[in-house]
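K.L.:
Here you go, entry18.csv (CSV, C-alpha atoms (C1' of nucleotides)):
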```csv
chain,number,residue,atom,x,y,z
A,1,MET,CA,72.8,20.3,-35.8
A,2,THR,CA,70.6,22.2,-38.2
A,3,THR,CA,67.0,21.5,-39.0
A,4,SER,CA,66.1,21.1,-42.7
A,5,GLN,CA,65.9,24.3,-44.7
A,6,SER,CA,65.3,23.2,-48.2
A,7,ASP,CA,61.7,24.0,-49.1
A,8,PRO,CA,61.7,26.8,-51.7
A,9,GLY,CA,58.5,28.4,-50.3
A,10,ALA,CA,59.6,28.5,-46.7
A,11,ARG,CA,63.0,29.8,-47.8
A,12,LEU,CA,61.5,32.6,-49.8
A,13,LEU,CA,59.2,33.7,-47.0
A,14,SER,CA,62.0,33.5,-44.5
A,15,ALA,CA,64.3,35.6,-46.7
A,16,VAL,CA,61.6,38.1,-47.4
A,17,SER,CA,60.8,38.5,-43.8
A,18,ARG,CA,64.5,39.2,-43.1
A,19,LEU,CA,64.9,41.6,-46.0
A,20,ASN,CA,61.8,43.5,-44.9
A,21,ARG,CA,63.2,43.7,-41.4
A,22,TRP,CA,66.4,45.1,-42.7
A,23,ALA,CA,64.6,47.6,-44.9
A,24,THR,CA,62.3,48.8,-42.1
A,25,ARG,CA,65.3,49.6,-40.0
A,26,HIS,CA,67.6,50.8,-42.6
A,27,ALA,CA,65.6,52.9,-44.9
A,28,ASP,CA,64.9,56.1,-43.1
A,29,LEU,CA,61.3,56.6,-44.2
A,30,GLN,CA,60.4,59.6,-42.0
A,31,ILE,CA,56.9,58.1,-41.8
A,32,PRO,CA,55.6,54.8,-40.3
A,33,PRO,CA,56.1,51.8,-42.7
A,34,ALA,CA,52.4,50.9,-42.8
A,35,GLN,CA,51.5,54.4,-44.0
A,36,ALA,CA,54.2,54.3,-46.6
A,37,ARG,CA,52.8,51.0,-47.8
A,38,LEU,CA,49.3,52.6,-47.9
A,39,LEU,CA,50.4,55.6,-49.9
A,40,SER,CA,52.0,53.3,-52.4
A,41,LEU,CA,48.9,51.2,-52.5
A,42,ILE,CA,46.5,54.1,-53.1
A,43,ASP,CA,48.8,55.4,-55.8
A,44,SER,CA,48.8,52.0,-57.6
A,45,ILE,CA,45.1,51.1,-57.4
A,46,GLY,CA,43.8,54.6,-57.7
A,47,PRO,CA,40.9,56.1,-55.8
A,48,ALA,CA,39.4,53.2,-53.9
A,49,ARG,CA,37.1,52.4,-51.0
A,50,ILE,CA,38.4,51.4,-47.6
A,51,GLY,CA,37.3,47.8,-48.1
A,52,GLU,CA,39.1,47.6,-51.4
A,53,LEU,CA,42.3,48.9,-49.9
A,54,ALA,CA,42.0,46.5,-47.0
A,55,GLU,CA,41.6,43.5,-49.3
A,56,ALA,CA,44.5,44.7,-51.5
A,57,ASP,CA,46.8,45.2,-48.6
A,58,HIS,CA,45.7,41.9,-47.0
A,59,CYS,CA,44.7,43.5,-43.8
A,60,SER,CA,41.4,43.7,-41.9
A,61,GLN,CA,38.9,46.5,-42.6
A,62,PRO,CA,39.3,48.1,-39.2
A,63,THR,CA,43.0,48.2,-39.6
A,64,MET,CA,42.6,50.0,-42.9
A,65,SER,CA,40.0,52.4,-41.4
A,66,THR,CA,42.5,53.5,-38.9
A,67,GLN,CA,45.4,53.8,-41.3
A,68,VAL,CA,43.3,55.8,-43.7
A,69,GLN,CA,42.3,58.2,-40.9
A,70,ARG,CA,46.0,58.7,-40.1
A,71,VAL,CA,47.1,59.5,-43.6
A,72,GLU,CA,44.0,61.6,-44.1
A,73,SER,CA,44.7,63.7,-41.0
A,74,ALA,CA,48.3,64.1,-42.1
A,75,GLY,CA,46.9,65.6,-45.3
A,76,TRP,CA,48.3,62.9,-47.6
A,77,ALA,CA,44.9,61.5,-48.7
A,78,SER,CA,41.4,62.8,-49.0
A,79,ARG,CA,37.9,61.3,-49.2
A,80,THR,CA,35.2,62.1,-51.6
A,81,ASP,CA,31.7,60.7,-51.3
A,82,ASP,CA,31.0,57.7,-53.4
A,83,PRO,CA,27.9,58.9,-55.3
A,84,SER,CA,26.7,55.3,-55.7
A,85,ASP,CA,26.8,54.4,-52.0
A,86,ARG,CA,26.5,56.9,-49.2
A,87,ARG,CA,28.1,54.6,-46.7
A,88,ALA,CA,31.4,54.6,-48.7
A,89,SER,CA,33.9,57.1,-49.8
A,90,MET,CA,36.7,57.1,-52.3
A,91,ILE,CA,40.2,57.5,-51.0
A,92,GLU,CA,42.8,59.3,-53.1
A,93,LEU,CA,46.2,60.8,-52.8
A,94,THR,CA,46.6,64.6,-52.3
A,95,ASP,CA,49.4,66.4,-54.0
A,96,GLU,CA,51.2,66.4,-50.7
A,97,GLY,CA,50.6,62.7,-50.5
A,98,ARG,CA,52.3,62.2,-53.8
A,99,ASP,CA,55.2,64.3,-52.6
A,100,VAL,CA,55.6,62.2,-49.5
A,101,LEU,CA,55.4,59.0,-51.5
A,102,ASN,CA,58.1,60.2,-53.8
A,103,GLU,CA,60.2,60.9,-50.8
A,104,VAL,CA,59.6,57.4,-49.5
A,105,ARG,CA,60.7,56.0,-52.8
A,106,ALA,CA,63.8,58.1,-52.8
A,107,ALA,CA,64.6,56.9,-49.3
A,108,ARG,CA,64.1,53.3,-50.3
A,109,HIS,CA,66.4,53.9,-53.2
A,110,ARG,CA,69.1,55.4,-51.0
A,111,ALA,CA,68.8,52.5,-48.6
A,112,VAL,CA,69.6,49.9,-51.2
A,113,ALA,CA,72.0,52.0,-53.3
A,114,ASP,CA,75.1,50.9,-51.5
A,115,VAL,CA,74.3,47.3,-51.6
A,116,PHE,CA,73.2,47.4,-55.2
A,117,ALA,CA,76.5,48.9,-56.1
A,118,THR,CA,78.2,45.7,-54.9
A,119,LEU,CA,76.0,43.4,-57.0
A,120,THR,CA,77.2,41.8,-60.2
A,121,PRO,CA,75.2,42.6,-63.4
A,122,ALA,CA,73.8,39.1,-63.2
A,123,GLU,CA,72.6,39.6,-59.7
A,124,THR,CA,71.1,42.9,-60.6
A,125,ALA,CA,69.1,41.2,-63.3
A,126,ALA,CA,68.1,38.5,-60.9
A,127,VAL,CA,66.8,41.1,-58.4
A,128,ASP,CA,64.8,42.8,-61.2
A,129,GLN,CA,63.3,39.6,-62.3
A,130,ALA,CA,62.7,38.6,-58.7
A,131,THR,CA,60.7,41.8,-58.1
A,132,THR,CA,58.5,41.1,-61.0
A,133,VAL,CA,57.8,37.6,-59.9
A,134,ILE,CA,57.1,38.7,-56.4
A,135,GLU,CA,54.7,41.4,-57.6
A,136,LYS,CA,53.0,38.7,-59.7
A,137,PHE,CA,53.0,36.4,-56.8
A,138,VAL,CA,51.2,38.8,-54.5
A,139,ALA,CA,48.7,39.7,-57.2
A,140,ARG,CA,48.0,36.1,-58.0
A,141,SER,CA,47.6,35.2,-54.4
A,142,GLU,CA,44.6,37.6,-54.2
A,143,SER,CA,42.5,35.3,-56.3
A,144,THR,CA,43.7,32.2,-54.4
A,145,LYS,CA,42.2,34.1,-51.4
B,1,MET,CA,48.1,60.4,-62.4
B,2,THR,CA,50.7,58.1,-61.1
B,3,THR,CA,54.0,59.0,-59.5
B,4,SER,CA,57.1,57.5,-60.9
B,5,GLN,CA,57.8,53.9,-59.9
B,6,SER,CA,60.8,52.9,-61.9
B,7,ASP,CA,63.7,52.6,-59.5
B,8,PRO,CA,64.7,48.9,-59.0
B,9,GLY,CA,65.6,49.3,-55.4
B,10,ALA,CA,62.4,51.1,-54.4
B,11,ARG,CA,60.4,48.6,-56.3
B,12,LEU,CA,62.1,45.6,-54.7
B,13,LEU,CA,61.6,46.9,-51.2
B,14,SER,CA,58.0,47.8,-51.9
B,15,ALA,CA,57.3,44.4,-53.3
B,16,VAL,CA,59.0,42.7,-50.4
B,17,SER,CA,57.0,44.7,-47.9
B,18,ARG,CA,53.8,43.6,-49.6
B,19,LEU,CA,54.8,40.0,-49.9
B,20,ASN,CA,55.8,40.0,-46.2
B,21,ARG,CA,52.4,41.5,-45.3
B,22,TRP,CA,50.7,38.8,-47.3
B,23,ALA,CA,52.8,36.1,-45.7
B,24,THR,CA,52.2,37.3,-42.2
B,25,ARG,CA,48.5,37.3,-42.6
B,26,HIS,CA,48.3,34.2,-44.7
B,27,ALA,CA,50.7,31.7,-43.2
B,28,ASP,CA,49.1,30.4,-40.1
B,29,LEU,CA,52.3,30.3,-37.9
B,30,GLN,CA,50.7,29.6,-34.5
B,31,ILE,CA,53.5,31.7,-33.0
B,32,PRO,CA,54.2,35.4,-33.4
B,33,PRO,CA,56.2,36.2,-36.5
B,34,ALA,CA,59.1,37.8,-34.7
B,35,GLN,CA,59.6,34.7,-32.6
B,36,ALA,CA,59.5,32.6,-35.7
B,37,ARG,CA,62.1,34.8,-37.3
B,38,LEU,CA,64.2,34.4,-34.1
B,39,LEU,CA,64.1,30.6,-34.0
B,40,SER,CA,65.1,30.6,-37.6
B,41,LEU,CA,68.0,32.9,-36.9
B,42,ILE,CA,69.2,31.0,-33.9
B,43,ASP,CA,69.1,27.9,-36.0
B,44,SER,CA,71.2,29.4,-38.8
B,45,ILE,CA,73.9,31.2,-36.8
B,46,GLY,CA,74.1,28.6,-34.0
B,47,PRO,CA,74.5,29.3,-30.3
B,48,ALA,CA,75.0,33.1,-30.1
B,49,ARG,CA,74.9,36.0,-27.7
B,50,ILE,CA,72.0,38.4,-27.5
B,51,GLY,CA,74.1,41.2,-29.1
B,52,GLU,CA,75.1,39.0,-32.0
B,53,LEU,CA,71.5,38.0,-32.6
B,54,ALA,CA,70.3,41.6,-32.5
B,55,GLU,CA,72.9,42.6,-35.0
B,56,ALA,CA,72.1,39.7,-37.3
B,57,ASP,CA,68.4,40.4,-37.1
B,58,HIS,CA,68.9,44.2,-37.6
B,59,CYS,CA,67.1,45.1,-34.4
B,60,SER,CA,68.1,46.8,-31.2
B,61,GLN,CA,69.6,44.9,-28.3
B,62,PRO,CA,66.6,45.6,-26.0
B,63,THR,CA,64.3,44.2,-28.6
B,64,MET,CA,66.3,41.1,-28.9
B,65,SER,CA,66.5,40.8,-25.1
B,66,THR,CA,62.8,40.7,-24.8
B,67,GLN,CA,62.3,38.3,-27.7
B,68,VAL,CA,64.9,35.9,-26.3
B,69,GLN,CA,63.1,36.0,-23.0
B,70,ARG,CA,59.9,35.0,-24.7
B,71,VAL,CA,61.2,32.1,-26.7
B,72,GLU,CA,63.2,31.0,-23.6
B,73,SER,CA,60.1,31.0,-21.4
B,74,ALA,CA,58.2,29.1,-24.0
B,75,GLY,CA,60.9,26.5,-23.8
B,76,TRP,CA,62.2,26.9,-27.3
B,77,ALA,CA,65.6,28.2,-26.5
B,78,SER,CA,68.0,28.0,-23.6
B,79,ARG,CA,70.9,29.9,-22.2
B,80,THR,CA,74.2,28.6,-21.1
B,81,ASP,CA,76.8,30.8,-19.5
B,82,ASP,CA,79.5,32.1,-21.7
B,83,PRO,CA,82.6,30.9,-19.9
B,84,SER,CA,84.7,33.8,-21.3
B,85,ASP,CA,82.3,36.6,-20.2
B,86,ARG,CA,80.1,36.3,-17.2
B,87,ARG,CA,77.9,39.2,-18.5
B,88,ALA,CA,76.9,37.2,-21.5
B,89,SER,CA,75.3,33.9,-22.2
B,90,MET,CA,74.9,31.7,-25.3
B,91,ILE,CA,71.4,31.2,-26.7
B,92,GLU,CA,70.6,28.0,-28.4
B,93,LEU,CA,67.6,26.1,-29.6
B,94,THR,CA,66.1,23.3,-27.5
B,95,ASP,CA,64.7,20.2,-29.1
B,96,GLU,CA,61.3,21.6,-28.7
B,97,GLY,CA,62.4,24.8,-30.4
B,98,ARG,CA,63.6,22.8,-33.4
B,99,ASP,CA,60.2,21.1,-33.5
B,100,VAL,CA,58.4,24.4,-33.5
B,101,LEU,CA,60.8,25.8,-36.1
B,102,ASN,CA,60.0,22.8,-38.4
B,103,GLU,CA,56.3,23.5,-37.9
B,104,VAL,CA,56.8,27.1,-38.9
B,105,ARG,CA,58.6,26.0,-42.0
B,106,ALA,CA,55.8,23.6,-42.8
B,107,ALA,CA,53.2,26.4,-42.4
B,108,ARG,CA,55.2,28.7,-44.6
B,109,HIS,CA,55.4,25.9,-47.2
B,110,ARG,CA,51.6,25.3,-47.0
B,111,ALA,CA,51.0,29.1,-47.3
B,112,VAL,CA,52.7,29.4,-50.7
B,113,ALA,CA,52.0,25.9,-52.0
B,114,ASP,CA,48.8,27.0,-53.8
B,115,VAL,CA,50.4,29.9,-55.5
B,116,PHE,CA,53.5,28.0,-56.3
B,117,ALA,CA,51.4,25.5,-58.1
B,118,THR,CA,50.3,28.2,-60.5
B,119,LEU,CA,53.8,29.4,-61.4
B,120,THR,CA,55.4,28.4,-64.6
B,121,PRO,CA,58.7,26.5,-64.4
B,122,ALA,CA,60.5,29.7,-65.4
B,123,GLU,CA,58.9,31.6,-62.7
B,124,THR,CA,59.7,28.9,-60.1
B,125,ALA,CA,63.3,29.2,-61.2
B,126,ALA,CA,63.2,32.9,-60.9
B,127,VAL,CA,61.8,32.7,-57.4
B,128,ASP,CA,64.5,30.3,-56.4
B,129,GLN,CA,67.2,32.6,-57.8
B,130,ALA,CA,65.4,35.5,-56.2
B,131,THR,CA,65.6,33.9,-52.8
B,132,THR,CA,69.3,33.3,-53.1
B,133,VAL,CA,70.0,36.9,-54.2
B,134,ILE,CA,67.9,38.2,-51.3
B,135,GLU,CA,69.7,36.1,-48.8
B,136,LYS,CA,73.0,37.3,-50.2
B,137,PHE,CA,71.6,40.8,-50.2
B,138,VAL,CA,70.8,40.8,-46.5
B,139,ALA,CA,74.1,39.1,-45.7
B,140,ARG,CA,76.0,41.6,-47.7
B,141,SER,CA,74.2,44.6,-46.2
B,142,GLU,CA,75.5,43.6,-42.8
B,143,SER,CA,79.0,44.7,-43.8
B,144,THR,CA,77.8,47.8,-45.4
B,145,LYS,CA,76.4,48.5,-41.9
C,1,DC,C1',8.7,48.0,-46.0
C,2,DA,C1',10.9,44.9,-42.6
C,3,DG,C1',14.8,42.3,-42.2
C,4,DA,C1',19.2,40.8,-43.8
C,5,DC,C1',23.3,42.4,-45.6
C,6,DT,C1',27.1,45.6,-46.4
C,7,DA,C1',30.5,49.4,-45.5
C,8,DC,C1',32.7,51.7,-42.3
C,9,DA,C1',33.8,53.2,-37.3
C,10,DT,C1',35.0,52.4,-32.5
C,11,DA,C1',36.8,49.8,-28.6
C,12,DG,C1',40.1,47.0,-26.5
C,13,DG,C1',44.1,44.3,-26.5
C,14,DA,C1',48.5,41.9,-28.2
C,15,DG,C1',52.8,42.0,-30.5
C,16,DA,C1',57.0,44.3,-32.1
C,17,DA,C1',59.9,47.8,-32.3
C,18,DC,C1',62.3,52.0,-30.5
C,19,DT,C1',65.1,55.2,-27.1
C,20,DA,C1',66.7,56.1,-22.5
C,21,DT,C1',68.5,54.3,-18.7
C,22,DG,C1',70.3,51.2,-15.0
C,23,DC,C1',73.4,47.5,-13.4
C,24,DA,C1',77.0,44.2,-13.5
C,25,DT,C1',81.2,42.7,-15.5
C,26,DC,C1',85.4,43.5,-18.2
C,27,DG,C1',89.7,45.7,-19.5
C,28,DT,C1',93.1,48.9,-19.0
C,29,DC,C1',96.3,51.9,-17.1
C,30,DA,C1',98.3,54.8,-13.6
D,1,DT,C1',95.7,46.8,-7.8
D,2,DG,C1',92.1,49.6,-7.8
D,3,DA,C1',89.5,53.2,-10.1
D,4,DC,C1',87.2,54.3,-14.4
D,5,DG,C1',85.5,54.0,-18.9
D,6,DA,C1',83.6,50.5,-22.1
D,7,DT,C1',80.7,46.6,-22.9
D,8,DG,C1',76.6,43.3,-22.4
D,9,DC,C1',72.4,42.8,-21.0
D,10,DA,C1',67.8,44.1,-18.5
D,11,DT,C1',64.0,47.2,-17.5
D,12,DA,C1',60.8,51.1,-18.3
D,13,DG,C1',57.9,53.6,-21.1
D,14,DT,C1',56.2,54.9,-25.7
D,15,DT,C1',54.7,54.3,-30.5
D,16,DC,C1',53.0,51.8,-34.3
D,17,DT,C1',50.6,47.9,-36.4
D,18,DC,C1',47.4,44.7,-36.4
D,19,DC,C1',43.7,41.8,-34.7
D,20,DT,C1',38.7,40.5,-33.1
D,21,DA,C1',34.3,41.9,-31.5
D,22,DT,C1',30.9,45.0,-31.9
D,23,DG,C1',28.1,49.1,-33.1
D,24,DT,C1',25.8,52.1,-36.7
D,25,DA,C1',24.2,53.9,-40.9
D,26,DG,C1',22.9,53.0,-45.6
D,27,DT,C1',21.4,49.4,-49.2
D,28,DC,C1',19.0,45.7,-51.1
D,29,DT,C1',15.3,42.3,-51.4
D,30,DG,C1',11.3,39.2,-50.8
```
As a first step, turn the structure in this file into structure tokens.
P.N.:
Amino acid sequence: MTTSQSDPGARLLSAVSRLNRWATRHADLQIPPAQARLLSLIDSIGPARIGELAEADHCSQPTMSTQVQRVESAGWASRTDDPSDRRASMIELTDEGRDVLNEVRAARHRAVADVFATLTPAETAAVDQATTVIEKFVARSESTK
Amino acid sequence: MTTSQSDPGARLLSAVSRLNRWATRHADLQIPPAQARLLSLIDSIGPARIGELAEADHCSQPTMSTQVQRVESAGWASRTDDPSDRRASMIELTDEGRDVLNEVRAARHRAVADVFATLTPAETAAVDQATTVIEKFVARSESTK
DNA sequence: CAGACTACATAGGAGAACTATGCATCGTCA
DNA sequence: TGACGATGCATAGTTCTCCTATGTAGTCTG
């Protein structure tokens, strides 16, 4: 007997959790996943404060503090004082950080390449559309708090 | 300056990692995410051995051993001896486990409900298709090893 | 300008994952 | 049939990620 599995939302999140699990194990990132996510985030929302990064990543501020310290001590990001608020500082990628991020993206690409090759054109299109919707989904969920 | 972010595969995995992060924080699951994932897995592939579960979840055997012990001691799964191999045992959901799983699915549904309400019909359709493709994706990647 | 608020850091703990390793059972083959 | 490698699982120890609670320094406001 199987419990009901019909709700689209539950199904999506379940599938995403599983794909994420697969990707974490399969894509050989060289760096911890959370740090890869952070580099990608800094790259996309530009120089930002710790609090802004935490909100955008949907994690707590202390968690982001720690992660920033890690990527900073690895030399992948740097802080500059926020002239308008001496408590805060702006986090941005270093050149080395950008290199690492590009390597992360290459690794992700390599991870899916084999499977992508087996997809039909229609499925490839669906994946592309799916990605766009998911990106919009996460972005929209920020305002929904 | 922004590094290139055009590769479909890298983009998909990045988006998925972010949505998963959002879901983990936002969906109030009551139980740890890995255990939720395990209940869902046991439900979908039926009574199975630890090794089979580990492979299907793309995790190591020791990791699955520990997780099974947790859901077992919580009363959500049970073991029965595998008659054909005394080293192994079959893991299956208990009635209570099914109840918990249904609650997990309800929580996931609640988590996305607000955002789903803001999607256009076309986007909803895209999400639905996306889910199907992702499920296929993960399933197919099993054979690609 | 005192007190509330804000931005970040630190401390401490739980969960999830890994590799390495040990033990019991299984299968096979001399 | 009995020894030996292979297999299935458990345990140990470590790393990473994340949380809440709390402390501290800087900012704003009545």
K.L.:
Do you know which residues lie at most 8 Å from (57.3, 49.3, -43.7), with coordinates as in the file and only C-alpha atoms (C1' of nucleotides) counted, and could you write them as a short mmCIF file (atom, residue, chain, number, x, y, z; two decimals) with C-alpha atoms, keeping the file's coordinate frame?
P.N.:
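New file result02.cif:
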```cif
data_model
loop_
_atom_site.label_atom_id
_atom_site.label_comp_id
_atom_site.auth_asym_id
_atom_site.auth_seq_id
_atom_site.Cartn_x
_atom_site.Cartn_y
_atom_site.Cartn_z
CA ASN A 20 61.80 43.50 -44.90
CA ALA A 23 64.60 47.60 -44.90
CA THR A 24 62.30 48.80 -42.10
CA PRO A 32 55.60 54.80 -40.30
CA PRO A 33 56.10 51.80 -42.70
CA ALA A 34 52.40 50.90 -42.80
CA GLN A 35 51.50 54.40 -44.00
CA ALA A 36 54.20 54.30 -46.60
CA ARG A 37 52.80 51.00 -47.80
CA SER B 17 57.00 44.70 -47.90
#
```
K.L.:
Calculate the C-alpha RMSD, in Å to one decimal, after superposing chain A onto chain B by least squares over all C-alpha atoms paired in sequence order.
P.N.:
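That gives an RMSD of 0.1 Å.
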K.L.:
My list of candidates is B:Thr63, B:Thr80, B:Ser6, B:Asn102. Which is closest to chain D when distances are computed with all atoms listed in the file?
P.N.:
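Of B:Thr63, B:Thr80, B:Ser6, B:Asn102, the one nearest chain D, counting all atoms listed in the file, is B:Thr63.
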K.L.:
One decimal, in Å: what's the spacing between atom CA of Ser14 of chain A and atom CA of Ala111 of chain B?
P.N.:
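The value is 12.2 Å.
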K.L.:
Report as JSON lines: every residue of segment 42-68 of chain A with an atom at most 9 Å from segment 8-30 of chain C, its closest pair of atoms, and their distance in Å to one decimal, counting only C-alpha atoms (C1' of nucleotides), with rows sorted by chain and ascending residue number.
P.N.:
```
{"residue": "A:Ile50", "atom": "CA", "partner": "C:DC8", "partner_atom": "C1'", "distance": 7.8}
{"residue": "A:Gly51", "atom": "CA", "partner": "C:DC8", "partner_atom": "C1'", "distance": 8.4}
{"residue": "A:Gln61", "atom": "CA", "partner": "C:DC8", "partner_atom": "C1'", "distance": 8.1}
{"residue": "A:Pro62", "atom": "CA", "partner": "C:DA9", "partner_atom": "C1'", "distance": 7.7}
{"residue": "A:Ser65", "atom": "CA", "partner": "C:DC8", "partner_atom": "C1'", "distance": 7.4}
{"residue": "A:Thr66", "atom": "CA", "partner": "C:DA9", "partner_atom": "C1'", "distance": 8.9}
```
K.L.:
Against segment 15-30 of chain D, which residues of segment 36-89 of chain A fall within 10 Å? For each one I want the closest pair of atoms and the distance in Å (one decimal), counting all atoms listed in the file, rows by chain and increasing residue number, as CSV.
P.N.:
```
residue,atom,partner,partner_atom,distance
A:Cys59,CA,D:DC18,C1',8.0
A:Ser60,CA,D:DC19,C1',7.8
A:Pro62,CA,D:DC19,C1',8.9
A:Thr63,CA,D:DC18,C1',6.5
A:Met64,CA,D:DC18,C1',9.7
A:Gln67,CA,D:DT17,C1',9.3
A:Asp85,CA,D:DG26,C1',7.6
A:Arg86,CA,D:DG26,C1',6.4
A:Arg87,CA,D:DG26,C1',5.6
A:Ala88,CA,D:DG26,C1',9.2
```
K.L.:
Return as a ChimeraX atom specification the residues belonging to chain A that are within 8 Å of chain B, counting all atoms listed in the file.
P.N.:
/A:2-5,7-23,25,37,43-44,57-59,98,102,105-106,108-109,112-116,123,126-131,133-135,137-138,140-141,144
K.L.:
Could you tell me how far atom CA of Val71 of chain A sits from atom CA of Ile91 of chain A, in Å to one decimal place?
P.N.:
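Computed distance, atom CA of Ile91 of chain A to atom CA of Val71 of chain A, equals 10.3 Å.
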K.L.:
For the contact check between chain D and chain B, emit one row per residue of chain D within 10 Å, containing the shortest atom pair and the distance in Å rounded to one decimal, counting only C-alpha atoms (C1' of nucleotides), chain then rising number order, as a tab-separated table.
P.N.:
```
residue	atom	partner	partner_atom	distance
D:DT7	C1'	B:Arg87	CA	9.1
D:DG8	C1'	B:Arg87	CA	5.8
D:DC9	C1'	B:Arg87	CA	7.0
D:DA10	C1'	B:Ser65	CA	7.5
D:DT11	C1'	B:Pro62	CA	9.0
D:DC18	C1'	B:Arg25	CA	9.7
```
K.L.:
Would you output that residue set with C-alpha atoms (C1' of nucleotides), as an mmCIF file, in the frame of the given file?
P.N.:
```
data_model
loop_
_atom_site.group_PDB
_atom_site.id
_atom_site.type_symbol
_atom_site.label_atom_id
_atom_site.label_comp_id
_atom_site.auth_asym_id
_atom_site.auth_seq_id
_atom_site.Cartn_x
_atom_site.Cartn_y
_atom_site.Cartn_z
ATOM 1 C "C1'" DT D 7 80.700 46.600 -22.900
ATOM 2 C "C1'" DG D 8 76.600 43.300 -22.400
ATOM 3 C "C1'" DC D 9 72.400 42.800 -21.000
ATOM 4 C "C1'" DA D 10 67.800 44.100 -18.500
ATOM 5 C "C1'" DT D 11 64.000 47.200 -17.500
ATOM 6 C "C1'" DC D 18 47.400 44.700 -36.400
#
```
K.L.:
Between atom CA of Asp95 of chain A and atom CA of Ala74 of chain A, what is the distance in Å, rounded to a tenth?
P.N.:
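Distance reported for this atom pair: 12.2 Å.
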K.L.:
Using only C-alpha atoms (C1' of nucleotides), can you tell me which of B:Ser73, B:Thr94, B:Ala117, B:Ser84 comes closest to chain C?
P.N.:
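Distance minimum relative to chain C lands on B:Ser84.
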